[in-house]
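Structure file model.cif (mmCIF, C-alpha atoms and all ligand atoms) follows.
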```
data_upload
loop_
_atom_site.group_PDB
_atom_site.id
_atom_site.type_symbol
_atom_site.label_atom_id
_atom_site.label_comp_id
_atom_site.auth_asym_id
_atom_site.auth_seq_id
_atom_site.Cartn_x
_atom_site.Cartn_y
_atom_site.Cartn_z
ATOM 1 C CA MET A 1 2.846 -2.460 20.287
ATOM 2 C CA ALA A 2 1.575 -3.603 16.879
ATOM 3 C CA LEU A 3 1.165 -7.363 16.319
ATOM 4 C CA PHE A 4 2.488 -7.215 12.752
ATOM 5 C CA SER A 5 4.971 -4.896 11.101
ATOM 6 C CA THR A 6 2.718 -4.340 8.049
ATOM 7 C CA ILE A 7 -0.697 -5.743 7.149
ATOM 8 C CA ALA A 8 -1.829 -5.792 3.501
ATOM 9 C CA VAL A 9 -5.595 -5.964 3.013
ATOM 10 C CA LEU A 10 -6.213 -7.051 -0.591
ATOM 11 C CA GLY A 11 -9.693 -5.885 -1.548
ATOM 12 C CA GLY A 12 -9.502 -3.350 1.294
ATOM 13 C CA SER A 13 -11.513 -0.856 -0.754
ATOM 14 C CA GLY A 14 -14.501 -3.246 -0.808
ATOM 15 C CA HIS A 15 -17.323 -4.011 1.603
ATOM 16 C CA GLN A 16 -15.611 -6.497 3.940
ATOM 17 C CA GLY A 17 -12.047 -5.217 3.589
ATOM 18 C CA ARG A 18 -12.661 -1.553 4.324
ATOM 19 C CA GLY A 19 -14.076 -2.114 7.809
ATOM 20 C CA LEU A 20 -11.230 -4.507 8.619
ATOM 21 C CA ALA A 21 -8.578 -2.116 7.280
ATOM 22 C CA GLN A 22 -9.963 0.819 9.260
ATOM 23 C CA ARG A 23 -10.477 -1.097 12.498
ATOM 24 C CA LEU A 24 -6.968 -2.569 12.344
ATOM 25 C CA THR A 25 -5.488 0.884 11.715
ATOM 26 C CA ILE A 26 -7.396 2.266 14.691
ATOM 27 C CA ALA A 27 -6.068 -0.666 16.765
ATOM 28 C CA GLY A 28 -2.518 0.515 16.022
ATOM 29 C CA GLU A 29 -1.553 -1.761 13.117
ATOM 30 C CA ARG A 30 0.145 -0.395 9.997
ATOM 31 C CA VAL A 31 -2.204 -1.215 7.116
ATOM 32 C CA ILE A 32 -1.795 -1.049 3.333
ATOM 33 C CA VAL A 33 -4.901 -1.412 1.201
ATOM 34 C CA GLY A 34 -3.990 -3.504 -1.822
ATOM 35 C CA SER A 35 -5.912 -2.950 -5.025
ATOM 36 C CA ARG A 36 -5.889 -3.793 -8.700
ATOM 37 C CA ASP A 37 -5.895 -0.005 -9.104
ATOM 38 C CA PRO A 38 -4.124 1.904 -6.296
ATOM 39 C CA GLU A 39 -5.814 5.134 -7.378
ATOM 40 C CA ARG A 40 -9.206 3.556 -6.647
ATOM 41 C CA ALA A 41 -7.963 2.503 -3.203
ATOM 42 C CA ARG A 42 -6.546 5.989 -2.557
ATOM 43 C CA THR A 43 -9.904 7.567 -3.395
ATOM 44 C CA ALA A 44 -11.715 5.160 -1.069
ATOM 45 C CA ILE A 45 -9.286 5.789 1.807
ATOM 46 C CA ALA A 46 -9.606 9.577 1.418
ATOM 47 C CA GLY A 47 -13.217 9.228 2.557
ATOM 48 C CA TRP A 48 -12.298 7.398 5.798
ATOM 49 C CA PRO A 49 -11.953 9.170 9.170
ATOM 50 C CA ALA A 50 -8.445 10.585 9.703
ATOM 51 C CA HIS A 51 -7.569 8.161 12.536
ATOM 52 C CA ALA A 52 -8.556 5.153 10.359
ATOM 53 C CA ARG A 53 -6.697 6.071 7.163
ATOM 54 C CA ALA A 54 -4.379 3.410 5.721
ATOM 55 C CA GLU A 55 -1.915 3.571 2.813
ATOM 56 C CA ALA A 56 -2.758 2.356 -0.704
ATOM 57 C CA ALA A 57 -0.672 0.218 -3.077
ATOM 58 C CA ALA A 58 -0.990 -2.182 -5.984
ATOM 59 C CA ASN A 59 -1.710 -5.726 -4.782
ATOM 60 C CA ARG A 60 1.793 -7.029 -5.614
ATOM 61 C CA ASP A 61 3.527 -4.152 -3.816
ATOM 62 C CA ALA A 62 1.270 -4.478 -0.781
ATOM 63 C CA VAL A 63 2.042 -8.222 -0.481
ATOM 64 C CA ALA A 64 5.799 -7.641 -0.846
ATOM 65 C CA ARG A 65 5.767 -5.172 2.067
ATOM 66 C CA ALA A 66 3.591 -7.223 4.426
ATOM 67 C CA ASP A 67 4.174 -9.909 7.033
ATOM 68 C CA LEU A 68 0.385 -10.447 7.101
ATOM 69 C CA THR A 69 -1.861 -10.378 4.031
ATOM 70 C CA ILE A 70 -5.635 -10.466 4.415
ATOM 71 C CA LEU A 71 -7.540 -11.714 1.359
ATOM 72 C CA ALA A 72 -10.848 -9.851 1.172
ATOM 73 C CA VAL A 73 -11.785 -10.238 -2.489
ATOM 74 C CA PRO A 74 -14.657 -12.180 -4.102
ATOM 75 C CA PHE A 75 -13.865 -15.919 -4.106
ATOM 76 C CA PRO A 76 -13.949 -16.358 -7.929
ATOM 77 C CA GLY A 77 -10.999 -13.913 -8.232
ATOM 78 C CA VAL A 78 -8.746 -15.606 -5.647
ATOM 79 C CA ALA A 79 -6.829 -18.045 -7.876
ATOM 80 C CA ALA A 80 -5.885 -15.360 -10.417
ATOM 81 C CA LEU A 81 -4.936 -12.889 -7.684
ATOM 82 C CA LEU A 82 -2.673 -15.442 -5.968
ATOM 83 C CA ALA A 83 -1.098 -16.431 -9.293
ATOM 84 C CA GLU A 84 -0.245 -12.764 -9.799
ATOM 85 C CA THR A 85 1.156 -12.200 -6.304
ATOM 86 C CA ALA A 86 2.533 -15.598 -5.138
ATOM 87 C CA ASP A 87 6.199 -14.711 -5.762
ATOM 88 C CA GLN A 88 5.886 -11.570 -3.614
ATOM 89 C CA PHE A 89 5.095 -13.237 -0.260
ATOM 90 C CA THR A 90 7.917 -12.909 2.237
ATOM 91 C CA ARG A 91 9.285 -16.003 4.023
ATOM 92 C CA ASP A 92 6.956 -17.048 6.891
ATOM 93 C CA ALA A 93 4.324 -14.525 5.836
ATOM 94 C CA LEU A 94 0.840 -15.234 7.182
ATOM 95 C CA VAL A 95 -2.222 -15.082 4.923
ATOM 96 C CA ILE A 96 -5.676 -14.718 6.458
ATOM 97 C CA ASP A 97 -8.439 -15.843 4.120
ATOM 98 C CA VAL A 98 -11.739 -14.012 4.614
ATOM 99 C CA THR A 99 -13.410 -15.294 1.474
ATOM 100 C CA VAL A 100 -16.620 -17.299 1.331
ATOM 101 C CA PRO A 101 -17.463 -19.297 -1.814
ATOM 102 C CA VAL A 102 -20.977 -18.018 -2.426
ATOM 103 C CA THR A 103 -22.600 -16.431 -5.452
ATOM 104 C CA PHE A 104 -25.826 -14.482 -5.770
ATOM 105 C CA VAL A 105 -27.484 -15.110 -9.114
ATOM 106 C CA GLY A 106 -30.887 -13.510 -9.626
ATOM 107 C CA GLY A 107 -30.975 -12.863 -5.871
ATOM 108 C CA LYS A 108 -30.511 -16.576 -5.079
ATOM 109 C CA MET A 109 -27.530 -17.490 -2.882
ATOM 110 C CA THR A 110 -25.586 -20.587 -3.929
ATOM 111 C CA MET A 111 -22.451 -22.156 -2.443
ATOM 112 C CA ILE A 112 -19.732 -22.600 -5.073
ATOM 113 C CA ALA A 113 -18.339 -26.158 -5.097
ATOM 114 C CA VAL A 114 -14.634 -25.917 -4.209
ATOM 115 C CA ALA A 115 -12.411 -28.808 -5.323
ATOM 116 C CA GLU A 116 -10.085 -28.402 -2.314
ATOM 117 C CA GLY A 117 -13.016 -28.558 0.161
ATOM 118 C CA SER A 118 -13.186 -24.910 1.267
ATOM 119 C CA ALA A 119 -12.086 -21.451 0.195
ATOM 120 C CA ALA A 120 -9.316 -21.479 2.822
ATOM 121 C CA GLN A 121 -7.929 -24.776 1.473
ATOM 122 C CA HIS A 122 -8.183 -23.356 -2.063
ATOM 123 C CA VAL A 123 -6.035 -20.429 -0.893
ATOM 124 C CA ARG A 124 -3.546 -22.865 0.734
ATOM 125 C CA ALA A 125 -3.289 -24.784 -2.559
ATOM 126 C CA HIS A 126 -2.429 -21.611 -4.487
ATOM 127 C CA LEU A 127 0.366 -20.379 -2.198
ATOM 128 C CA PRO A 128 3.996 -21.441 -1.783
ATOM 129 C CA SER A 129 4.659 -23.765 1.177
ATOM 130 C CA HIS A 130 6.672 -21.142 3.097
ATOM 131 C CA VAL A 131 3.495 -19.063 3.532
ATOM 132 C CA ARG A 132 1.207 -19.947 6.469
ATOM 133 C CA VAL A 133 -2.567 -19.771 6.032
ATOM 134 C CA ALA A 134 -5.462 -19.140 8.424
ATOM 135 C CA GLY A 135 -9.144 -18.429 7.901
ATOM 136 C CA THR A 136 -11.285 -16.006 9.911
ATOM 137 C CA PHE A 137 -13.550 -12.908 9.619
ATOM 138 C CA LYS A 138 -15.808 -15.104 7.471
ATOM 139 C CA THR A 139 -18.987 -14.814 9.555
ATOM 140 C CA ILE A 140 -18.925 -11.136 10.580
ATOM 141 C CA PRO A 141 -21.133 -8.954 8.337
ATOM 142 C CA ALA A 142 -19.394 -6.161 6.399
ATOM 143 C CA HIS A 143 -21.782 -3.419 7.467
ATOM 144 C CA LEU A 144 -21.046 -4.103 11.161
ATOM 145 C CA LEU A 145 -17.294 -3.906 10.570
ATOM 146 C CA ASP A 146 -17.937 -0.652 8.738
ATOM 147 C CA ASP A 147 -19.753 0.901 11.691
ATOM 148 C CA LEU A 148 -16.515 1.806 13.443
ATOM 149 C CA GLU A 149 -18.046 2.953 16.728
ATOM 150 C CA ARG A 150 -20.006 -0.249 17.222
ATOM 151 C CA PRO A 151 -18.538 -3.126 19.288
ATOM 152 C CA LEU A 152 -18.903 -6.278 17.230
ATOM 153 C CA ASP A 153 -20.277 -8.423 20.056
ATOM 154 C CA CYS A 154 -19.802 -11.933 18.658
ATOM 155 C CA ASP A 155 -17.342 -14.777 18.127
ATOM 156 C CA GLU A 156 -15.131 -15.291 15.096
ATOM 157 C CA PHE A 157 -14.015 -18.808 14.214
ATOM 158 C CA VAL A 158 -10.291 -19.210 13.535
ATOM 159 C CA CYS A 159 -8.814 -22.156 11.647
ATOM 160 C CA GLY A 160 -5.300 -22.530 10.320
ATOM 161 C CA ASP A 161 -2.619 -24.777 8.886
ATOM 162 C CA SER A 162 -0.502 -24.568 12.068
ATOM 163 C CA GLU A 163 -0.819 -23.766 15.736
ATOM 164 C CA ALA A 164 1.314 -20.656 15.190
ATOM 165 C CA ALA A 165 -0.997 -19.407 12.417
ATOM 166 C CA ARG A 166 -4.048 -19.868 14.658
ATOM 167 C CA VAL A 167 -2.427 -18.183 17.664
ATOM 168 C CA GLN A 168 -1.333 -15.132 15.645
ATOM 169 C CA THR A 169 -4.702 -14.896 13.907
ATOM 170 C CA SER A 170 -6.639 -15.216 17.166
ATOM 171 C CA ALA A 171 -4.567 -12.371 18.647
ATOM 172 C CA LEU A 172 -5.440 -10.217 15.626
ATOM 173 C CA VAL A 173 -9.166 -11.009 15.903
ATOM 174 C CA GLN A 174 -9.142 -9.969 19.544
ATOM 175 C CA LEU A 175 -7.701 -6.557 18.659
ATOM 176 C CA LEU A 176 -11.165 -5.638 17.397
ATOM 177 C CA PRO A 177 -13.460 -4.517 20.226
ATOM 178 C CA GLY A 178 -16.194 -7.040 21.019
ATOM 179 C CA LEU A 179 -14.769 -9.925 18.983
ATOM 180 C CA ARG A 180 -13.748 -13.189 20.642
ATOM 181 C CA ALA A 181 -11.614 -15.636 18.656
ATOM 182 C CA VAL A 182 -12.716 -19.274 18.815
ATOM 183 C CA ASP A 183 -9.993 -21.641 17.581
ATOM 184 C CA VAL A 184 -11.709 -24.440 15.626
ATOM 185 C CA GLY A 185 -8.539 -26.253 14.526
ATOM 186 C CA ALA A 186 -7.285 -27.328 11.104
ATOM 187 C CA LEU A 187 -7.806 -25.347 7.919
ATOM 188 C CA SER A 188 -10.275 -27.996 6.719
ATOM 189 C CA ARG A 189 -12.727 -26.689 9.374
ATOM 190 C CA ALA A 190 -13.160 -23.679 7.086
ATOM 191 C CA GLU A 191 -15.735 -25.683 5.120
ATOM 192 C CA SER A 192 -18.056 -25.699 8.155
ATOM 193 C CA VAL A 193 -17.371 -22.019 8.877
ATOM 194 C CA GLU A 194 -18.141 -21.012 5.286
ATOM 195 C CA HIS A 195 -21.435 -22.910 5.496
ATOM 196 C CA LEU A 196 -22.216 -20.966 8.683
ATOM 197 C CA THR A 197 -21.845 -17.736 6.705
ATOM 198 C CA ALA A 198 -24.408 -19.029 4.226
ATOM 199 C CA LEU A 199 -26.640 -19.887 7.192
ATOM 200 C CA ALA A 200 -26.279 -16.354 8.598
ATOM 201 C CA ILE A 201 -27.260 -14.895 5.210
ATOM 202 C CA ALA A 202 -30.312 -17.190 5.115
ATOM 203 C CA ILE A 203 -31.287 -16.169 8.678
ATOM 204 C CA ASN A 204 -30.975 -12.499 7.731
ATOM 205 C CA ARG A 205 -33.234 -12.991 4.725
ATOM 206 C CA ARG A 206 -35.826 -15.081 6.521
ATOM 207 C CA HIS A 207 -36.121 -12.710 9.479
ATOM 208 C CA LYS A 208 -35.569 -9.473 7.512
ATOM 209 C CA ILE A 209 -32.561 -8.507 9.623
ATOM 210 C CA HIS A 210 -28.928 -7.688 8.762
ATOM 211 C CA ASP A 211 -26.883 -8.587 11.829
ATOM 212 C CA ALA A 212 -27.052 -12.388 12.199
ATOM 213 C CA ARG A 213 -23.732 -13.730 13.529
ATOM 214 C CA PHE A 214 -22.511 -16.313 16.026
ATOM 215 C CA ARG A 215 -21.713 -16.771 19.716
ATOM 216 C CA VAL A 216 -20.542 -20.124 21.112
ATOM 217 C CA VAL A 217 -21.799 -21.099 24.568
ATOM 218 C CA GLY A 218 -20.145 -23.688 26.799
ATOM 219 C CA LEU A 219 -16.531 -22.569 26.467
ATOM 220 C CA PRO A 220 -14.592 -22.219 29.744
ATOM 221 C CA SER A 221 -14.952 -18.781 31.355
ATOM 222 C CA GLY A 222 -12.072 -16.507 30.376
ATOM 223 C CA TYR A 223 -11.658 -18.282 27.048
HETATM 224 N N1 LIG B 1 -19.722 -8.640 2.515
HETATM 225 C C1 LIG B 1 -19.803 -9.362 3.634
HETATM 226 O O1 LIG B 1 -20.653 -9.126 4.527
HETATM 227 C C2 LIG B 1 -18.824 -10.503 3.849
HETATM 228 C C3 LIG B 1 -18.842 -11.209 5.055
HETATM 229 C C4 LIG B 1 -17.922 -12.256 5.249
HETATM 230 C C5 LIG B 1 -17.018 -12.569 4.234
HETATM 231 N N2 LIG B 1 -17.049 -11.868 3.073
HETATM 232 C C6 LIG B 1 -16.103 -12.236 2.016
HETATM 233 O O2 LIG B 1 -15.208 -11.175 1.832
HETATM 234 C C7 LIG B 1 -14.795 -11.127 0.458
HETATM 235 C C8 LIG B 1 -15.017 -9.719 -0.058
HETATM 236 O O3 LIG B 1 -16.395 -9.463 -0.033
HETATM 237 P P1 LIG B 1 -16.946 -8.007 -0.368
HETATM 238 O O4 LIG B 1 -18.390 -8.028 -0.092
HETATM 239 O O5 LIG B 1 -16.063 -6.995 0.288
HETATM 240 O O6 LIG B 1 -16.662 -7.958 -1.950
HETATM 241 P P2 LIG B 1 -16.566 -6.709 -2.933
HETATM 242 O O7 LIG B 1 -16.858 -5.445 -2.205
HETATM 243 O O8 LIG B 1 -17.372 -7.064 -4.136
HETATM 244 O O9 LIG B 1 -15.035 -6.742 -3.393
HETATM 245 C C9 LIG B 1 -13.982 -6.416 -2.540
HETATM 246 C C10 LIG B 1 -12.818 -5.880 -3.354
HETATM 247 O O10 LIG B 1 -12.196 -6.949 -4.048
HETATM 248 C C11 LIG B 1 -11.529 -6.422 -5.210
HETATM 249 N N3 LIG B 1 -11.897 -7.311 -6.312
HETATM 250 C C12 LIG B 1 -13.120 -7.458 -6.892
HETATM 251 N N4 LIG B 1 -13.081 -8.390 -7.870
HETATM 252 C C13 LIG B 1 -11.795 -8.842 -7.897
HETATM 253 C C14 LIG B 1 -11.125 -9.792 -8.700
HETATM 254 N N5 LIG B 1 -11.747 -10.494 -9.651
HETATM 255 N N6 LIG B 1 -9.790 -9.992 -8.477
HETATM 256 C C15 LIG B 1 -9.132 -9.287 -7.511
HETATM 257 N N7 LIG B 1 -9.731 -8.359 -6.722
HETATM 258 C C16 LIG B 1 -11.035 -8.150 -6.922
HETATM 259 C C17 LIG B 1 -12.037 -5.007 -5.407
HETATM 260 O O11 LIG B 1 -10.986 -4.117 -5.026
HETATM 261 P P3 LIG B 1 -10.076 -3.363 -6.149
HETATM 262 O O12 LIG B 1 -11.007 -3.003 -7.260
HETATM 263 O O13 LIG B 1 -9.594 -2.188 -5.376
HETATM 264 O O14 LIG B 1 -9.010 -4.316 -6.535
HETATM 265 C C18 LIG B 1 -13.189 -4.892 -4.435
HETATM 266 O O15 LIG B 1 -13.317 -3.598 -3.880
HETATM 267 C C19 LIG B 1 -15.647 -12.153 -0.293
HETATM 268 O O16 LIG B 1 -14.912 -13.316 -0.554
HETATM 269 C C20 LIG B 1 -16.791 -12.437 0.667
HETATM 270 O O17 LIG B 1 -17.287 -13.754 0.537
HETATM 271 C C21 LIG B 1 -17.906 -10.840 2.851
#
```

Conversion result in structure tokens:
Amino acid sequence: MALFSTIAVLGGSGHQGRGLAQRLTIAGERVIVGSRDPERARTAIAGWPAHARAEAAANRDAVARADLTILAVPFPGVAALLAETADQFTRDALVIDVTVPVTFVGGKMTMIAVAEGSAAQHVRAHLPSHVRVAGTFKTIPAHLLDDLERPLDCDEFVCGDSEAARVQTSALVQLLPGLRAVDVGALSRAESVEHLTALAIAINRRHKIHDARFRVVGLPSGY
């Protein structure tokens, strides 16, 4: 049985969103790819394997139909996107923030200073209070998600503004083969997680690899 009735993946035509959208569809979830231009999303989806194909819709329509919305757009566009869609979120909807506040100027990676402390807290600040917010899928590289046959073989950190948000988000993470959810607590922990993404990018560059990601040791067996 599906965990959510409908999942909207905003930015689901892009690098990080498309792997998530396809993997969640394969896992049995009903997924709508939200886009600024539904035709662009439709074209992207047409190239996906038949068993991974989601629906396409404009961002506002996708949010209105979803009980879970995943934000997979570049961080600088988040505030405007949420201003455009905020009135469409259903009561008790969950938002999962995937964004990381980094920019690449002239090939140099820089963390963007976020007034609220982290991208996830920035998202929280731009949503109505009836919407719950969690952060995850921030440290898994897009090209691994995109390789649908490959188990992901790592941990994903989950933070959230309530226990319920973290529990639901952890269950979603564990739908994806090879991912273990590690609950790290309050949404403010996202700041540390987002810095870990920057660290993974730096490790990739330094060691000329593409797959750096994280595994926590020391957790109880069966966690
Ligand atoms: N790439 C990774 O390995 C990775 C890993 C962890 C986290 N992330 C995070 O995931 C998010 C998406 O990254 P990405 O690499 O997938 O980015 P991307 O491919 O550049 O963009 C994703 C999608 O976002 C939409 N978009 C672009 N600019 C937008 C704007 N100003 N307003 C609203 N929507 C916009 C576009 O979809 P439409 O044109 O269809 O609207 C685009 O296809 C980022 O915040 C990134 O930090 C990425």

Residues up to 9 Å from ligand LIG 1 (chain B), counting only C-alpha atoms and all ligand atoms: could you list those as a PDB file with C-alpha atoms, in the frame of the given file?
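So the final result, stored in part21.pdb, reads:
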```pdb
ATOM      1  CA  LEU A  10      -6.213  -7.051  -0.591  1.00  0.00           C
ATOM      2  CA  GLY A  11      -9.693  -5.885  -1.548  1.00  0.00           C
ATOM      3  CA  GLY A  12      -9.502  -3.350   1.294  1.00  0.00           C
ATOM      4  CA  SER A  13     -11.513  -0.856  -0.754  1.00  0.00           C
ATOM      5  CA  GLY A  14     -14.501  -3.246  -0.808  1.00  0.00           C
ATOM      6  CA  HIS A  15     -17.323  -4.011   1.603  1.00  0.00           C
ATOM      7  CA  GLN A  16     -15.611  -6.497   3.940  1.00  0.00           C
ATOM      8  CA  GLY A  17     -12.047  -5.217   3.589  1.00  0.00           C
ATOM      9  CA  ARG A  18     -12.661  -1.553   4.324  1.00  0.00           C
ATOM     10  CA  VAL A  33      -4.901  -1.412   1.201  1.00  0.00           C
ATOM     11  CA  GLY A  34      -3.990  -3.504  -1.822  1.00  0.00           C
ATOM     12  CA  SER A  35      -5.912  -2.950  -5.025  1.00  0.00           C
ATOM     13  CA  ARG A  36      -5.889  -3.793  -8.700  1.00  0.00           C
ATOM     14  CA  ASP A  37      -5.895  -0.005  -9.104  1.00  0.00           C
ATOM     15  CA  PRO A  38      -4.124   1.904  -6.296  1.00  0.00           C
ATOM     16  CA  GLU A  39      -5.814   5.134  -7.378  1.00  0.00           C
ATOM     17  CA  ARG A  40      -9.206   3.556  -6.647  1.00  0.00           C
ATOM     18  CA  ALA A  41      -7.963   2.503  -3.203  1.00  0.00           C
ATOM     19  CA  ALA A  44     -11.715   5.160  -1.069  1.00  0.00           C
ATOM     20  CA  ALA A  58      -0.990  -2.182  -5.984  1.00  0.00           C
ATOM     21  CA  ASN A  59      -1.710  -5.726  -4.782  1.00  0.00           C
ATOM     22  CA  LEU A  71      -7.540 -11.714   1.359  1.00  0.00           C
ATOM     23  CA  ALA A  72     -10.848  -9.851   1.172  1.00  0.00           C
ATOM     24  CA  VAL A  73     -11.785 -10.238  -2.489  1.00  0.00           C
ATOM     25  CA  PRO A  74     -14.657 -12.180  -4.102  1.00  0.00           C
ATOM     26  CA  PHE A  75     -13.865 -15.919  -4.106  1.00  0.00           C
ATOM     27  CA  PRO A  76     -13.949 -16.358  -7.929  1.00  0.00           C
ATOM     28  CA  GLY A  77     -10.999 -13.913  -8.232  1.00  0.00           C
ATOM     29  CA  VAL A  78      -8.746 -15.606  -5.647  1.00  0.00           C
ATOM     30  CA  ALA A  79      -6.829 -18.045  -7.876  1.00  0.00           C
ATOM     31  CA  ALA A  80      -5.885 -15.360 -10.417  1.00  0.00           C
ATOM     32  CA  LEU A  81      -4.936 -12.889  -7.684  1.00  0.00           C
ATOM     33  CA  ASP A  97      -8.439 -15.843   4.120  1.00  0.00           C
ATOM     34  CA  VAL A  98     -11.739 -14.012   4.614  1.00  0.00           C
ATOM     35  CA  THR A  99     -13.410 -15.294   1.474  1.00  0.00           C
ATOM     36  CA  VAL A 100     -16.620 -17.299   1.331  1.00  0.00           C
ATOM     37  CA  PRO A 101     -17.463 -19.297  -1.814  1.00  0.00           C
ATOM     38  CA  VAL A 102     -20.977 -18.018  -2.426  1.00  0.00           C
ATOM     39  CA  THR A 103     -22.600 -16.431  -5.452  1.00  0.00           C
ATOM     40  CA  ALA A 119     -12.086 -21.451   0.195  1.00  0.00           C
ATOM     41  CA  THR A 136     -11.285 -16.006   9.911  1.00  0.00           C
ATOM     42  CA  PHE A 137     -13.550 -12.908   9.619  1.00  0.00           C
ATOM     43  CA  LYS A 138     -15.808 -15.104   7.471  1.00  0.00           C
ATOM     44  CA  THR A 139     -18.987 -14.814   9.555  1.00  0.00           C
ATOM     45  CA  ILE A 140     -18.925 -11.136  10.580  1.00  0.00           C
ATOM     46  CA  PRO A 141     -21.133  -8.954   8.337  1.00  0.00           C
ATOM     47  CA  ALA A 142     -19.394  -6.161   6.399  1.00  0.00           C
ATOM     48  CA  HIS A 143     -21.782  -3.419   7.467  1.00  0.00           C
ATOM     49  CA  LEU A 144     -21.046  -4.103  11.161  1.00  0.00           C
ATOM     50  CA  LEU A 145     -17.294  -3.906  10.570  1.00  0.00           C
ATOM     51  CA  GLU A 194     -18.141 -21.012   5.286  1.00  0.00           C
ATOM     52  CA  THR A 197     -21.845 -17.736   6.705  1.00  0.00           C
ATOM     53  CA  ILE A 201     -27.260 -14.895   5.210  1.00  0.00           C
TER      54      ILE A 201
END
```

Residue by residue, what does the PyMOL selection byres (((chain A and resi 173) around 12) and not hetatm) grab here? Present the result as a VMD selection string. chain A and resid 3 20 23 to 24 27 96 98 134 to 138 140 152 154 to 159 166 to 172 174 to 183

Which residues, protein or nucleic acid, reach to within 8 Å of (-9.8, -25.6, 11.8) in the file's coordinates when using only C-alpha atoms, and can you give that as a PyMOL selection string? chain A and resi 158-161+183-190

d(CA of Glu55 (chain A), CA of Thr43 (chain A)) in Å: 10.9 Å

Surrounding residues of Val31 (chain A) excluding itself and chain neighbours under 3 positions, 8 Å, all atoms listed in the file, as a VMD selection string: chain A and resid 6 to 9 21 24 to 25 54 to 55

As JSON, please: the centre and edge lengths in Å, to one decimal, of an axis-aligned box enclosing every listed atom of region 18-31 of chain A with 8 Å added on each side.
```
{"center_x": -7.0, "center_y": -1.1, "center_z": 10.5, "size_x": 30.2, "size_y": 22.8, "size_z": 28.4}
```

Complete region 66-70 of chain A at the level of all heavy atoms, written as a JSON list (two decimals), in the frame of the given file.
```
[["chain", "number", "residue", "atom", "x", "y", "z"],
["A", 66, "ALA", "N", 4.38, -6.80, 3.26],
["A", 66, "ALA", "CA", 3.59, -7.22, 4.43],
["A", 66, "ALA", "C", 4.11, -8.51, 5.06],
["A", 66, "ALA", "O", 4.60, -9.40, 4.37],
["A", 66, "ALA", "CB", 2.14, -7.42, 3.99],
["A", 67, "ASP", "N", 3.98, -8.60, 6.39],
["A", 67, "ASP", "CA", 4.17, -9.91, 7.03],
["A", 67, "ASP", "C", 2.83, -10.59, 7.26],
["A", 67, "ASP", "O", 2.78, -11.78, 7.57],
["A", 67, "ASP", "CB", 5.01, -9.82, 8.32],
["A", 67, "ASP", "CG", 4.51, -8.79, 9.30],
["A", 67, "ASP", "OD1", 3.71, -7.92, 8.91],
["A", 67, "ASP", "OD2", 4.93, -8.84, 10.48],
["A", 68, "LEU", "N", 1.73, -9.85, 7.11],
["A", 68, "LEU", "CA", 0.38, -10.45, 7.10],
["A", 68, "LEU", "C", -0.38, -9.90, 5.91],
["A", 68, "LEU", "O", -0.43, -8.68, 5.71],
["A", 68, "LEU", "CB", -0.39, -10.09, 8.39],
["A", 68, "LEU", "CG", -1.89, -10.39, 8.35],
["A", 68, "LEU", "CD1", -2.16, -11.88, 8.21],
["A", 68, "LEU", "CD2", -2.59, -9.86, 9.60],
["A", 69, "THR", "N", -0.98, -10.80, 5.13],
["A", 69, "THR", "CA", -1.86, -10.38, 4.03],
["A", 69, "THR", "C", -3.25, -10.93, 4.29],
["A", 69, "THR", "O", -3.42, -12.13, 4.55],
["A", 69, "THR", "CB", -1.33, -10.90, 2.68],
["A", 69, "THR", "OG1", -0.08, -10.26, 2.40],
["A", 69, "THR", "CG2", -2.31, -10.59, 1.54],
["A", 70, "ILE", "N", -4.23, -10.06, 4.26],
["A", 70, "ILE", "CA", -5.64, -10.47, 4.42],
["A", 70, "ILE", "C", -6.27, -10.46, 3.03],
["A", 70, "ILE", "O", -6.21, -9.45, 2.32],
["A", 70, "ILE", "CB", -6.38, -9.51, 5.38],
["A", 70, "ILE", "CG1", -5.72, -9.55, 6.77],
["A", 70, "ILE", "CG2", -7.86, -9.86, 5.46],
["A", 70, "ILE", "CD1", -6.36, -8.62, 7.80]]
```
